[in-house]
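Next comes structure27.txt, a file with compact mmCIF, C-alpha atoms.
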```
# COMPACT_ATOMS: atom_id res chain seq x y z
CA MET X 86 13.04 273.76 64.04
CA GLY X 87 11.01 273.45 60.83
CA SER X 88 8.45 271.24 62.48
CA VAL X 89 7.88 273.73 65.32
CA TYR X 90 7.36 276.45 62.71
CA LEU X 91 4.85 274.40 60.73
CA GLN X 92 3.06 273.12 63.80
CA THR X 93 2.71 276.62 65.28
CA LEU X 94 1.48 277.92 61.95
CA ARG X 95 -1.11 275.17 61.71
CA ARG X 96 -2.13 275.77 65.29
CA ASP X 97 -2.60 279.48 64.69
CA PHE X 98 -4.65 278.93 61.56
CA ARG X 99 -6.84 276.53 63.50
CA LEU X 100 -7.31 279.13 66.21
CA MET X 101 -8.21 281.68 63.56
CA THR X 102 -10.99 279.48 62.24
CA ARG X 103 -12.29 279.03 65.79
CA GLN X 104 -12.02 282.64 66.89
CA LYS X 105 -12.97 284.63 63.84
CA SER X 106 -13.64 287.86 65.69
CA ASP X 107 -9.95 288.20 66.58
CA TRP X 108 -8.93 288.91 63.01
CA LEU X 109 -12.25 289.95 61.46
CA ASN X 110 -12.83 292.89 63.82
CA PRO X 111 -9.69 294.81 62.79
CA LEU X 112 -10.57 294.24 59.12
CA MET X 113 -14.12 295.47 59.69
CA PHE X 114 -12.67 298.52 61.41
CA PHE X 115 -10.45 299.15 58.39
CA LEU X 116 -13.38 298.87 55.98
CA ILE X 117 -15.59 301.11 58.10
CA VAL X 118 -12.95 303.87 58.22
CA LEU X 119 -12.50 303.68 54.45
CA THR X 120 -16.23 303.90 53.78
CA LEU X 121 -16.76 306.74 56.25
CA PHE X 122 -14.18 309.02 54.67
CA PRO X 123 -15.96 309.47 51.29
CA LEU X 124 -19.23 309.98 53.15
CA GLY X 125 -17.76 312.53 55.52
CA ILE X 126 -15.88 314.54 52.92
CA GLY X 127 -18.75 314.67 50.49
CA ALA X 128 -18.78 314.88 46.71
CA LYS X 129 -15.21 316.09 46.22
CA PRO X 130 -13.52 313.29 44.26
CA ASN X 131 -10.35 315.31 43.65
CA LEU X 132 -9.81 316.06 47.33
CA LEU X 133 -10.50 312.45 48.18
CA ARG X 134 -7.98 311.24 45.60
CA GLU X 135 -5.38 313.59 47.04
CA ILE X 136 -5.71 312.41 50.61
CA ALA X 137 -6.39 308.76 49.76
CA PRO X 138 -2.81 307.47 50.36
CA GLY X 139 -2.75 308.95 53.83
CA ILE X 140 -6.21 307.58 54.69
CA ILE X 141 -5.38 304.08 53.52
CA TRP X 142 -2.14 303.87 55.43
CA ILE X 143 -3.47 305.41 58.63
CA ALA X 144 -6.41 303.00 58.58
CA ALA X 145 -4.06 300.08 57.89
CA LEU X 146 -1.76 301.07 60.79
CA LEU X 147 -4.61 301.39 63.23
CA SER X 148 -6.28 298.14 62.20
CA VAL X 149 -3.02 296.19 62.59
CA LEU X 150 -2.45 297.91 65.94
CA LEU X 151 -5.95 296.90 67.04
CA GLY X 152 -5.27 293.21 66.51
CA SER X 153 -1.69 293.13 67.74
CA GLU X 154 -2.33 293.15 71.48
CA ARG X 155 -3.78 289.64 71.32
CA LEU X 156 -0.79 288.19 69.52
CA PHE X 157 0.96 286.54 72.49
CA ARG X 158 -1.56 287.31 75.22
CA GLN X 159 -3.43 283.99 75.25
CA ASP X 160 -0.28 281.88 75.14
CA TYR X 161 1.15 283.95 77.98
CA LYS X 162 -1.91 283.49 80.17
CA ASP X 163 -2.21 279.75 79.56
CA GLY X 164 1.44 279.05 80.26
CA VAL X 165 2.28 277.92 76.72
CA LEU X 166 4.99 280.57 76.52
CA GLU X 167 6.37 279.50 79.89
CA GLN X 168 6.73 275.99 78.50
CA LEU X 169 8.48 277.22 75.38
CA VAL X 170 10.88 279.41 77.37
CA ALA X 171 11.67 276.52 79.74
CA ALA X 172 12.39 274.27 76.75
CA ARG X 173 14.50 277.07 75.15
CA ALA X 174 15.10 275.74 71.65
CA PRO X 175 11.70 276.10 69.95
CA LEU X 176 11.10 279.76 70.80
CA PHE X 177 12.60 281.23 67.63
CA PRO X 178 10.56 279.23 65.07
CA TYR X 179 7.53 279.83 67.27
CA VAL X 180 8.05 283.60 67.04
CA LEU X 181 8.54 283.42 63.26
CA ALA X 182 5.37 281.37 62.86
CA LYS X 183 3.39 283.77 65.04
CA ILE X 184 4.52 286.73 62.94
CA SER X 185 3.74 284.92 59.67
CA ALA X 186 0.30 283.94 60.91
CA SER X 187 -0.44 287.44 62.10
CA TRP X 188 0.52 288.80 58.68
CA CYS X 189 -1.83 286.28 57.03
CA ALA X 190 -4.62 287.48 59.31
CA SER X 191 -4.02 291.23 59.11
CA GLY X 192 -1.76 292.16 56.19
CA LEU X 193 -2.82 289.73 53.49
CA PRO X 194 -6.55 290.62 53.71
CA LEU X 195 -5.62 294.31 53.26
CA LEU X 196 -3.78 293.36 50.10
CA LEU X 197 -6.79 291.39 48.87
CA MET X 198 -9.11 294.28 49.67
CA SER X 199 -6.96 296.83 47.83
CA PRO X 200 -9.14 296.92 44.64
CA LEU X 201 -12.06 297.84 46.86
CA MET X 202 -10.02 300.62 48.51
CA ALA X 203 -9.11 302.02 45.10
CA LEU X 204 -12.77 302.02 44.14
CA LEU X 205 -13.93 303.72 47.33
CA LEU X 206 -11.32 306.46 47.23
CA GLY X 207 -11.19 306.93 43.48
CA LEU X 208 -7.53 306.03 42.90
CA ASP X 209 -6.36 305.77 39.29
CA SER X 210 -4.52 302.71 38.06
CA LYS X 211 -0.99 304.12 38.54
CA ALA X 212 -1.66 305.07 42.14
CA TYR X 213 -3.37 301.74 42.66
CA TRP X 214 -0.33 299.73 41.62
CA ALA X 215 1.89 301.89 43.79
CA MET X 216 -0.43 301.18 46.68
CA VAL X 217 -0.26 297.44 46.04
CA GLY X 218 3.53 297.71 46.01
CA THR X 219 3.65 299.56 49.31
CA LEU X 220 1.18 297.15 50.88
CA ILE X 221 3.24 294.13 49.80
CA ILE X 222 6.36 295.58 51.44
CA GLY X 223 4.71 297.55 54.22
CA THR X 224 2.26 295.09 55.78
CA PRO X 225 4.91 292.48 56.74
CA LEU X 226 6.81 295.36 58.36
CA LEU X 227 3.65 296.32 60.26
CA SER X 228 3.25 292.72 61.50
CA LEU X 229 6.89 292.53 62.60
CA LEU X 230 6.75 295.81 64.52
CA SER X 231 3.44 294.99 66.16
CA ALA X 232 4.85 291.63 67.30
CA LEU X 233 7.71 293.54 68.90
CA GLY X 234 5.30 295.85 70.71
CA ALA X 235 3.09 292.98 71.79
CA ALA X 236 6.05 291.06 73.20
CA LEU X 237 7.41 294.09 75.07
CA THR X 238 4.10 294.96 76.73
CA LEU X 239 3.08 291.35 77.40
CA SER X 240 3.15 291.31 81.17
CA ALA X 241 1.63 294.80 81.54
CA GLU X 242 -2.02 294.57 82.52
CA LYS X 243 -4.13 296.49 80.00
CA GLY X 244 -1.07 297.14 77.88
CA GLY X 245 -3.10 298.48 74.94
CA ILE X 246 -2.20 302.16 75.22
CA LEU X 247 1.36 301.35 76.17
CA LEU X 248 1.60 299.15 73.08
CA ALA X 249 0.40 302.03 70.90
CA LEU X 250 2.93 304.39 72.48
CA VAL X 251 5.75 301.92 71.95
CA ILE X 252 5.14 301.08 68.32
CA LEU X 253 3.46 304.11 66.76
CA PRO X 254 6.78 306.01 66.57
CA LEU X 255 8.21 303.04 64.68
CA TYR X 256 5.27 303.10 62.29
CA ILE X 257 5.77 306.76 61.37
CA PRO X 258 8.60 306.32 58.82
CA LEU X 259 6.57 303.59 57.16
CA LEU X 260 3.55 305.90 57.00
CA ILE X 261 5.58 308.75 55.50
CA PHE X 262 7.31 306.73 52.79
CA ALA X 263 4.33 304.55 51.87
CA SER X 264 1.88 307.41 51.44
CA ALA X 265 4.54 309.46 49.62
CA ALA X 266 4.99 306.60 47.14
CA VAL X 267 1.27 306.40 46.40
CA GLU X 268 1.03 310.18 46.11
CA GLN X 269 3.98 310.38 43.69
CA ALA X 270 2.41 307.67 41.55
CA GLY X 271 -0.83 309.65 41.51
CA PHE X 272 1.07 312.59 39.98
CA GLY X 273 2.59 310.26 37.40
CA LEU X 274 6.09 310.40 38.95
CA GLY X 275 8.45 307.56 39.77
CA TYR X 276 8.25 306.06 43.25
CA SER X 277 10.96 303.40 43.25
CA ALA X 278 13.04 305.38 45.75
CA GLN X 279 10.29 305.21 48.36
CA LEU X 280 9.76 301.52 47.69
CA ALA X 281 13.50 300.95 48.10
CA VAL X 282 13.48 302.70 51.47
CA LEU X 283 10.50 300.59 52.55
CA GLY X 284 12.29 297.46 51.37
CA ALA X 285 15.38 298.41 53.35
CA MET X 286 13.27 298.94 56.48
CA LEU X 287 11.65 295.55 55.97
CA CYS X 288 15.06 293.85 55.62
CA VAL X 289 16.36 295.45 58.82
CA ALA X 290 13.19 294.50 60.69
CA LEU X 291 13.27 290.92 59.37
CA ALA X 292 16.85 290.52 60.52
CA GLY X 293 16.41 292.03 63.96
CA VAL X 294 12.84 291.86 65.17
CA PRO X 295 12.43 288.07 65.62
CA PHE X 296 15.46 288.01 67.95
CA ALA X 297 14.21 291.04 69.85
CA VAL X 298 10.77 289.45 70.23
CA GLN X 299 12.35 286.24 71.48
CA HIS X 300 14.27 288.12 74.17
CA ALA X 301 11.27 290.23 75.14
CA LEU X 302 9.19 287.07 75.60
CA LYS X 303 11.87 285.51 77.79
CA LEU X 304 12.06 288.63 79.93
CA ASN X 305 8.31 288.78 80.36
CA VAL X 306 7.96 285.14 81.31
CA GLY X 307 10.90 285.12 83.72
CA MET S 231 25.04 264.54 90.98
CA LEU S 232 22.32 265.24 88.44
CA PHE S 233 21.26 268.68 89.55
CA SER S 234 22.20 270.82 92.51
CA ALA S 235 21.61 274.28 93.93
CA HIS S 236 24.18 276.19 95.96
CA GLN S 237 23.48 279.09 98.28
CA LEU S 238 20.29 280.15 96.49
CA SER S 239 18.55 283.29 97.65
CA CYS S 240 15.33 284.82 96.42
CA ILE S 241 13.66 288.12 97.28
CA ARG S 242 10.13 288.90 96.18
CA SER S 243 8.36 292.20 96.88
CA ASP S 244 11.00 293.16 99.48
CA ARG S 245 10.51 289.88 101.34
CA VAL S 246 13.26 287.32 101.61
CA LEU S 247 11.67 284.02 100.63
CA PHE S 248 14.73 281.91 101.26
CA GLU S 249 18.46 282.46 101.50
CA GLN S 250 21.53 280.29 101.24
CA LEU S 251 19.53 277.29 100.25
CA ASP S 252 21.49 274.20 99.29
CA PHE S 253 20.19 270.99 97.90
CA ALA S 254 21.12 268.32 95.42
CA ILE S 255 19.14 265.71 93.57
CA ASP S 256 20.42 262.55 91.97
CA ALA S 257 18.90 260.10 89.50
CA GLY S 258 16.16 257.98 91.06
CA GLN S 259 15.28 260.52 93.76
CA ILE S 260 12.21 262.57 94.51
CA TRP S 261 12.45 265.87 96.35
CA GLN S 262 9.29 267.23 97.84
CA ILE S 263 9.34 270.94 98.55
CA ALA S 264 6.99 271.68 101.42
CA GLY S 265 5.95 274.88 103.09
CA ARG S 266 3.01 277.14 103.76
CA ASN S 267 1.24 279.12 101.06
CA GLY S 268 3.49 282.01 100.14
CA ALA S 269 6.63 280.38 101.52
CA GLY S 270 8.29 280.58 98.10
CA LYS S 271 7.81 277.09 96.71
CA SER S 272 6.72 278.17 93.25
CA SER S 273 9.42 280.86 93.11
CA LEU S 274 12.01 278.21 93.95
CA LEU S 275 10.70 275.90 91.23
CA ARG S 276 10.76 278.69 88.65
CA ILE S 277 14.37 279.44 89.56
CA LEU S 278 15.28 275.77 89.31
CA ALA S 279 13.60 275.53 85.90
CA GLY S 280 15.66 278.47 84.65
CA LEU S 281 12.62 280.71 84.21
CA ALA S 282 13.71 283.20 86.86
CA GLU S 283 17.09 284.32 88.11
CA PRO S 284 18.03 283.92 91.77
CA ILE S 285 19.31 287.00 93.60
CA GLU S 286 22.32 284.97 94.67
CA GLY S 287 23.57 281.47 94.23
CA GLU S 288 24.35 279.01 91.50
CA LEU S 289 22.69 276.03 89.85
CA ARG S 290 24.72 273.10 88.63
CA TYR S 291 23.65 270.48 86.16
CA LYS S 292 25.77 267.33 86.06
CA ASN S 293 28.40 269.24 88.09
CA GLN S 294 28.71 272.02 85.54
CA PRO S 295 27.39 275.54 86.03
CA LEU S 296 23.95 275.81 84.45
CA THR S 297 24.88 278.86 82.38
CA GLN S 298 27.32 276.70 80.39
CA VAL S 299 25.02 273.75 79.74
CA GLN S 300 21.69 275.57 79.45
CA ASP S 301 20.61 273.96 76.19
CA GLU S 302 21.40 270.45 77.34
CA PHE S 303 19.60 271.11 80.60
CA ALA S 304 16.51 272.50 78.83
CA THR S 305 16.16 269.45 76.60
CA ASN S 306 16.42 267.20 79.63
CA LEU S 307 13.85 269.12 81.68
CA CYS S 308 10.08 268.80 81.86
CA PHE S 309 8.57 271.71 83.79
CA ILE S 310 4.86 271.88 84.58
CA GLY S 311 3.99 275.01 86.51
CA HIS S 312 0.70 276.10 87.97
CA LEU S 313 -0.30 277.39 84.54
CA SER S 314 -1.44 274.40 82.53
CA GLY S 315 0.22 275.16 79.19
CA VAL S 316 -2.94 273.91 77.50
CA GLN S 317 -4.42 276.16 74.84
CA PRO S 318 -8.15 276.13 75.73
CA GLN S 319 -9.55 276.57 72.22
CA LEU S 320 -7.65 273.58 70.89
CA THR S 321 -8.54 269.96 71.50
CA ALA S 322 -6.45 267.62 73.62
CA LEU S 323 -5.07 265.95 70.47
CA GLU S 324 -4.05 269.27 68.93
CA ASN S 325 -2.36 270.33 72.14
CA LEU S 326 -0.41 267.08 72.25
CA ALA S 327 0.62 267.48 68.60
CA PHE S 328 1.97 270.96 69.37
CA TRP S 329 4.02 269.73 72.33
CA ARG S 330 5.39 266.87 70.29
CA ALA S 331 6.70 269.36 67.75
CA CYS S 332 8.11 271.62 70.48
CA TYR S 333 9.91 268.83 72.32
CA ALA S 334 11.03 267.24 69.04
CA LEU S 335 9.30 263.94 69.84
CA LYS S 336 8.32 261.33 67.31
CA PRO S 337 4.63 261.04 66.46
CA ALA S 338 2.96 258.17 68.28
CA ASP S 339 -0.53 257.06 69.16
CA ASP S 340 -1.92 260.00 71.10
CA TRP S 341 -5.41 258.47 71.10
CA ALA S 342 -4.16 255.52 73.17
CA LEU S 343 -2.38 257.84 75.58
CA LEU S 344 -5.46 259.99 76.12
CA ALA S 345 -7.60 256.88 76.60
CA GLN S 346 -5.09 255.64 79.18
CA LEU S 347 -5.47 258.95 81.02
CA GLY S 348 -9.25 258.55 81.13
CA LEU S 349 -9.97 261.03 78.37
CA ALA S 350 -11.44 258.57 75.86
CA GLY S 351 -14.22 260.23 73.88
CA LEU S 352 -12.98 263.72 74.81
CA GLU S 353 -10.05 263.83 72.39
CA ASP S 354 -11.64 266.22 69.92
CA ILE S 355 -13.45 268.57 72.29
CA PRO S 356 -11.86 271.99 72.87
CA CYS S 357 -10.10 271.89 76.23
CA GLN S 358 -12.08 274.85 77.56
CA ASN S 359 -15.13 272.57 77.65
CA LEU S 360 -13.40 270.01 79.88
CA SER S 361 -13.65 269.96 83.66
CA ALA S 362 -10.76 271.25 85.78
CA GLY S 363 -9.54 267.73 86.52
CA GLN S 364 -9.72 266.68 82.87
CA HIS S 365 -7.90 269.86 81.90
CA ARG S 366 -5.18 268.95 84.38
CA ARG S 367 -4.96 265.45 82.92
CA VAL S 368 -4.35 266.90 79.46
CA SER S 369 -1.62 269.07 80.94
CA LEU S 370 -0.02 266.13 82.73
CA ALA S 371 -0.12 264.01 79.56
CA ARG S 372 3.25 265.65 78.87
CA LEU S 373 4.76 263.41 81.54
CA TRP S 374 3.88 260.41 79.41
CA LEU S 375 5.26 262.05 76.24
CA THR S 376 8.52 263.41 77.49
CA ALA S 377 11.88 261.70 77.49
CA ALA S 378 13.34 264.25 79.92
CA GLN S 379 15.19 262.95 82.94
CA LEU S 380 14.44 265.79 85.36
CA TRP S 381 10.84 266.75 86.11
CA ILE S 382 9.93 269.91 87.99
CA LEU S 383 6.26 269.90 88.91
CA ASP S 384 4.28 272.56 90.74
CA GLU S 385 1.29 271.06 92.57
CA PRO S 386 0.71 268.22 90.07
CA PHE S 387 -2.11 266.68 92.12
CA THR S 388 -4.39 269.74 92.08
CA ALA S 389 -7.93 269.02 90.86
CA LEU S 390 -7.21 265.34 90.17
CA ASP S 391 -9.49 262.56 91.39
CA VAL S 392 -8.34 259.47 93.30
CA SER S 393 -7.75 257.27 90.26
CA ALA S 394 -5.77 259.96 88.45
CA ILE S 395 -3.62 260.52 91.53
CA ALA S 396 -2.90 256.78 91.72
CA GLN S 397 -1.97 256.78 88.04
CA LEU S 398 0.33 259.75 88.50
CA ARG S 399 2.04 258.09 91.49
CA GLN S 400 2.58 254.99 89.36
CA ARG S 401 4.16 257.16 86.68
CA PHE S 402 6.46 258.77 89.26
CA ILE S 403 7.64 255.35 90.44
CA GLU S 404 8.26 254.19 86.87
CA HIS S 405 10.18 257.36 86.08
CA CYS S 406 12.42 257.10 89.14
CA GLN S 407 13.09 253.42 88.56
CA HIS S 408 14.26 254.27 85.05
CA GLY S 409 16.80 256.75 86.38
CA GLY S 410 14.65 259.87 86.42
CA ALA S 411 14.47 262.54 89.11
CA ILE S 412 11.54 264.62 90.27
CA ILE S 413 11.30 267.89 92.18
CA LEU S 414 7.74 268.72 93.14
CA THR S 415 5.58 270.70 95.50
CA THR S 416 2.45 269.24 96.98
CA HIS S 417 0.45 269.62 100.15
CA GLN S 418 -0.48 265.94 100.15
CA ALA S 419 1.62 263.20 101.67
CA LEU S 420 3.44 261.58 98.76
CA ASP S 421 3.29 258.04 100.13
CA LEU S 422 5.74 256.36 97.76
CA PRO S 423 7.35 253.50 99.74
CA GLU S 424 9.39 252.32 96.73
CA ILE S 425 11.23 255.59 96.18
CA PRO S 426 13.41 257.63 98.56
CA VAL S 427 11.48 260.86 99.01
CA GLN S 428 13.50 263.76 100.43
CA GLN S 429 11.76 266.66 102.07
CA LEU S 430 12.80 270.28 101.87
CA THR S 431 10.70 272.57 104.01
CA LEU S 432 10.65 276.27 103.31
CA GLU S 433 9.80 278.33 106.35
CA TYR S 434 7.40 281.19 105.89
CA ARG S 435 9.41 284.32 106.70
CA TRP S 436 8.48 287.90 107.28
```
As structure tokens, the full file:
Amino acid sequence: MGSVYLQTLRRDFRLMTRQKSDWLNPLMFFLIVLTLFPLGIGAKPNLLREIAPGIIWIAALLSVLLGSERLFRQDYKDGVLEQLVAARAPLFPYVLAKISASWCASGLPLLLMSPLMALLLGLDSKAYWAMVGTLIIGTPLLSLLSALGAALTLSAEKGGILLALVILPLYIPLLIFASAAVEQAGFGLGYSAQLAVLGAMLCVALAGVPFAVQHALKLNVG
Amino acid sequence: MLFSAHQLSCIRSDRVLFEQLDFAIDAGQIWQIAGRNGAGKSSLLRILAGLAEPIEGELRYKNQPLTQVQDEFATNLCFIGHLSGVQPQLTALENLAFWRACYALKPADDWALLAQLGLAGLEDIPCQNLSAGQHRRVSLARLWLTAAQLWILDEPFTALDVSAIAQLRQRFIEHCQHGGAIILTTHQALDLPEIPVQQLTLEYRW
């Protein structure tokens, strides 16, 4: 089981180095949205600071959503998934590795870019650290949910809009609690409650989503 | 009996492909599923491989219902469908390494295997740059890796040249002589005098 996980992870990282546009495009999209907001709103730093948490999280949601459709698509078309389903055992570590790799490609870069976000939107240091906290907990949750959506809509031709419809409702609680945490921190208030709720959502998703994805893949291949 | 099907029926897009189909395969045998395009050969193979559910009927592996011994069956099965299972952006070597991990096989000399299959010098080229026949050879390399007893192959000879077909036939003979069993579809005559080849013909039905 461990070797399938590692091998899939290595394979996905290799594919990332060969197909850079797959993961760079969503990140570029994220950066573009963040730079356009200050330009569009104009010289109102206070307003920008107020709406910054919402902007960051909406942009993060959409950029993860943008990249998620491709998650299993190629393996489905080439018959790799069919092989894994026929062989049964290695599907679970494969799913885990896919989700980890997709987080490394979509969530981790957001975390690394967070100082830049703070600079662009004029966040102070308290709000910045709250944002880092929500990103650390929230982006793995985003990757898990988008894997679920991608697996469910796998055999639908042009499943992009369907995928958005399936997983955006699941993203909404994350959006509410994550931006509330950053906002509270901006006012100098405590935000551990919001972080705790996010953490609980992550735990539930970690426990359930990989199994759900595994079953969805089996259904789509069969 | 290694593997048997009882009273299988399959319906696709409101068309009955086959019904009450019975057959059984034992170690050392080859079953060739024949029939016109659209007669339901691939659907039958997918049902046999456990990828699809039949409308009716039961599969038995070593005289036990398949639902009870699914894991054992899956580890003893090598299925190659009409999709190649080869990731086109990866090289042949990287694809083999991935399959080895998935089938829990020990690492061995993949370079020698690829050379044996006529892919010497192409080991580290992404598979999307290979020709259709070479792509197929990479896909079929699994038959040399696997330790599975039962092979289910959908049109294995497609796109292969004469020498590759001869090599594949040789591999079939070896496999059957070592107690393996093969279920395959092909439009070519199999021409394996050493091995008892059974024919199952699916009629095209309206």
Report as CSV: every residue of chain S with an atom at most 9 Å from chain X, its closest pair of atoms, and their distance in Å to one decimal, counting all atoms listed in the file, with rows sorted by chain and ascending residue number.
```
residue,atom,partner,partner_atom,distance
S:Arg276,CA,X:Gly307,CA,8.1
S:Ile277,CA,X:Gly307,CA,8.9
S:Ala279,CA,X:Ala171,CA,6.5
S:Gly280,CA,X:Ala171,CA,6.6
S:Leu281,CA,X:Gly307,CA,4.8
S:Ala282,CA,X:Gly307,CA,4.6
S:Glu283,CA,X:Gly307,CA,7.6
S:Gln300,CA,X:Arg173,CA,8.5
S:Asp301,CA,X:Arg173,CA,6.9
S:Phe303,CA,X:Ala172,CA,8.8
S:Ala304,CA,X:Ala172,CA,4.9
S:Thr305,CA,X:Ala172,CA,6.1
S:Asn306,CA,X:Ala172,CA,8.6
S:Leu307,CA,X:Ala172,CA,7.3
S:Cys308,CA,X:Ala172,CA,7.8
S:Phe309,CA,X:Ala171,CA,7.0
S:Ile310,CA,X:Gln168,CA,7.6
S:Gly311,CA,X:Gly164,CA,7.9
S:His312,CA,X:Gly164,CA,8.3
S:Leu313,CA,X:Gly164,CA,4.9
S:Ser314,CA,X:Gly164,CA,5.9
S:Gly315,CA,X:Gly164,CA,4.2
S:Val316,CA,X:Asp163,CA,6.2
S:Gln317,CA,X:Asp163,CA,6.3
S:Pro318,CA,X:Asp163,CA,7.9
S:Gln319,CA,X:Leu100,CA,6.9
S:Leu320,CA,X:Leu100,CA,7.3
S:Glu324,CA,X:Arg96,CA,7.7
S:Asn325,CA,X:Arg96,CA,8.8
S:Ala327,CA,X:Gln92,CA,7.8
S:Phe328,CA,X:Gln92,CA,6.1
S:Trp329,CA,X:Val89,CA,8.9
S:Arg330,CA,X:Val89,CA,8.8
S:Ala331,CA,X:Val89,CA,5.1
S:Cys332,CA,X:Val89,CA,5.6
S:Tyr333,CA,X:Ala172,CA,7.4
S:Ala334,CA,X:Ser88,CA,8.1
```
Among listed residues S:Leu360, S:Leu275, S:Ala345, S:Leu398, nearest Asp384 (chain S) (using only C-alpha atoms):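 Closest to Asp384 (chain S), using only C-alpha atoms: S:Leu275.
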Distance criterion (all atoms listed in the file): nearest to Ser240 (chain X) out of X:Leu193, X:Ile221, X:Met101, X:Ala301: X:Ala301
Residue neighbourhood Leu323 (chain S), 9 Å, only C-alpha atoms, exclusion window fewer than 5 positions, as a ChimeraX atom specification: /S:328,340-341,344,353-355
Polymer residues at most 8 Å from region 258-263 of chain S, all atoms listed in the file, same-chain spacing of 4 or more positions, as a ChimeraX atom specification: /S:271,405-416,425-432
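Across the structure, CA of Gly127 (chain X) and CA of Ile140 (chain X) are spaced 15.0 Å apart.
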Residue neighbourhood Trp214 (chain X), 10 Å, all atoms listed in the file, exclusion window fewer than 3 positions, as a PyMOL selection string: chain X and resi 199-200+203+208-211+217-220+267+270-271
Interatomic distance, CA of Asp421 (chain S) to CA of Gly265 (chain S) (Å, one decimal):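 Pair CA of Asp421 (chain S) / CA of Gly265 (chain S) returns 17.3 Å.
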From S:Ala394, S:Ala257, S:Ile285, S:Leu373, residue lying nearest Leu349 (chain S) [all atoms listed in the file]: S:Ala394
Residue among S:Met231, S:Glu286, S:Val299, S:Trp374 lying closest to Leu335 (chain S), counting all atoms listed in the file: S:Trp374
Atom-to-atom span, CA of Gln379 (chain S) and CA of Gln400 (chain S), Å: 16.2 Å
Residue nearest Asp256 (chain S) among S:Ser273, S:Gln294, S:Ser234, S:Thr321 (counting all atoms listed in the file):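 For Asp256 (chain S), the nearest of the given residues is S:Ser234.
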Contacts of Leu226 (chain X) within 8 Å, all atoms listed in the file, excl. fewer than 4 positions in-chain, as number ranges by chain: X: 222, 230, 286-287, 290-291
12 Å contact set for region 134-137 of chain X, all atoms listed in the file, chain neighbours under 5 positions out, as a PyMOL selection string: chain X and resi 118-120+122-123+126+128-129+142-144+202-210+212-213+216+263-272
Residue nearest Leu133 (chain X) among X:Ala232, X:Ile257, X:Leu121, X:Leu274 (counting only C-alpha atoms):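 Closest to Leu133 (chain X), using only C-alpha atoms: X:Leu121.
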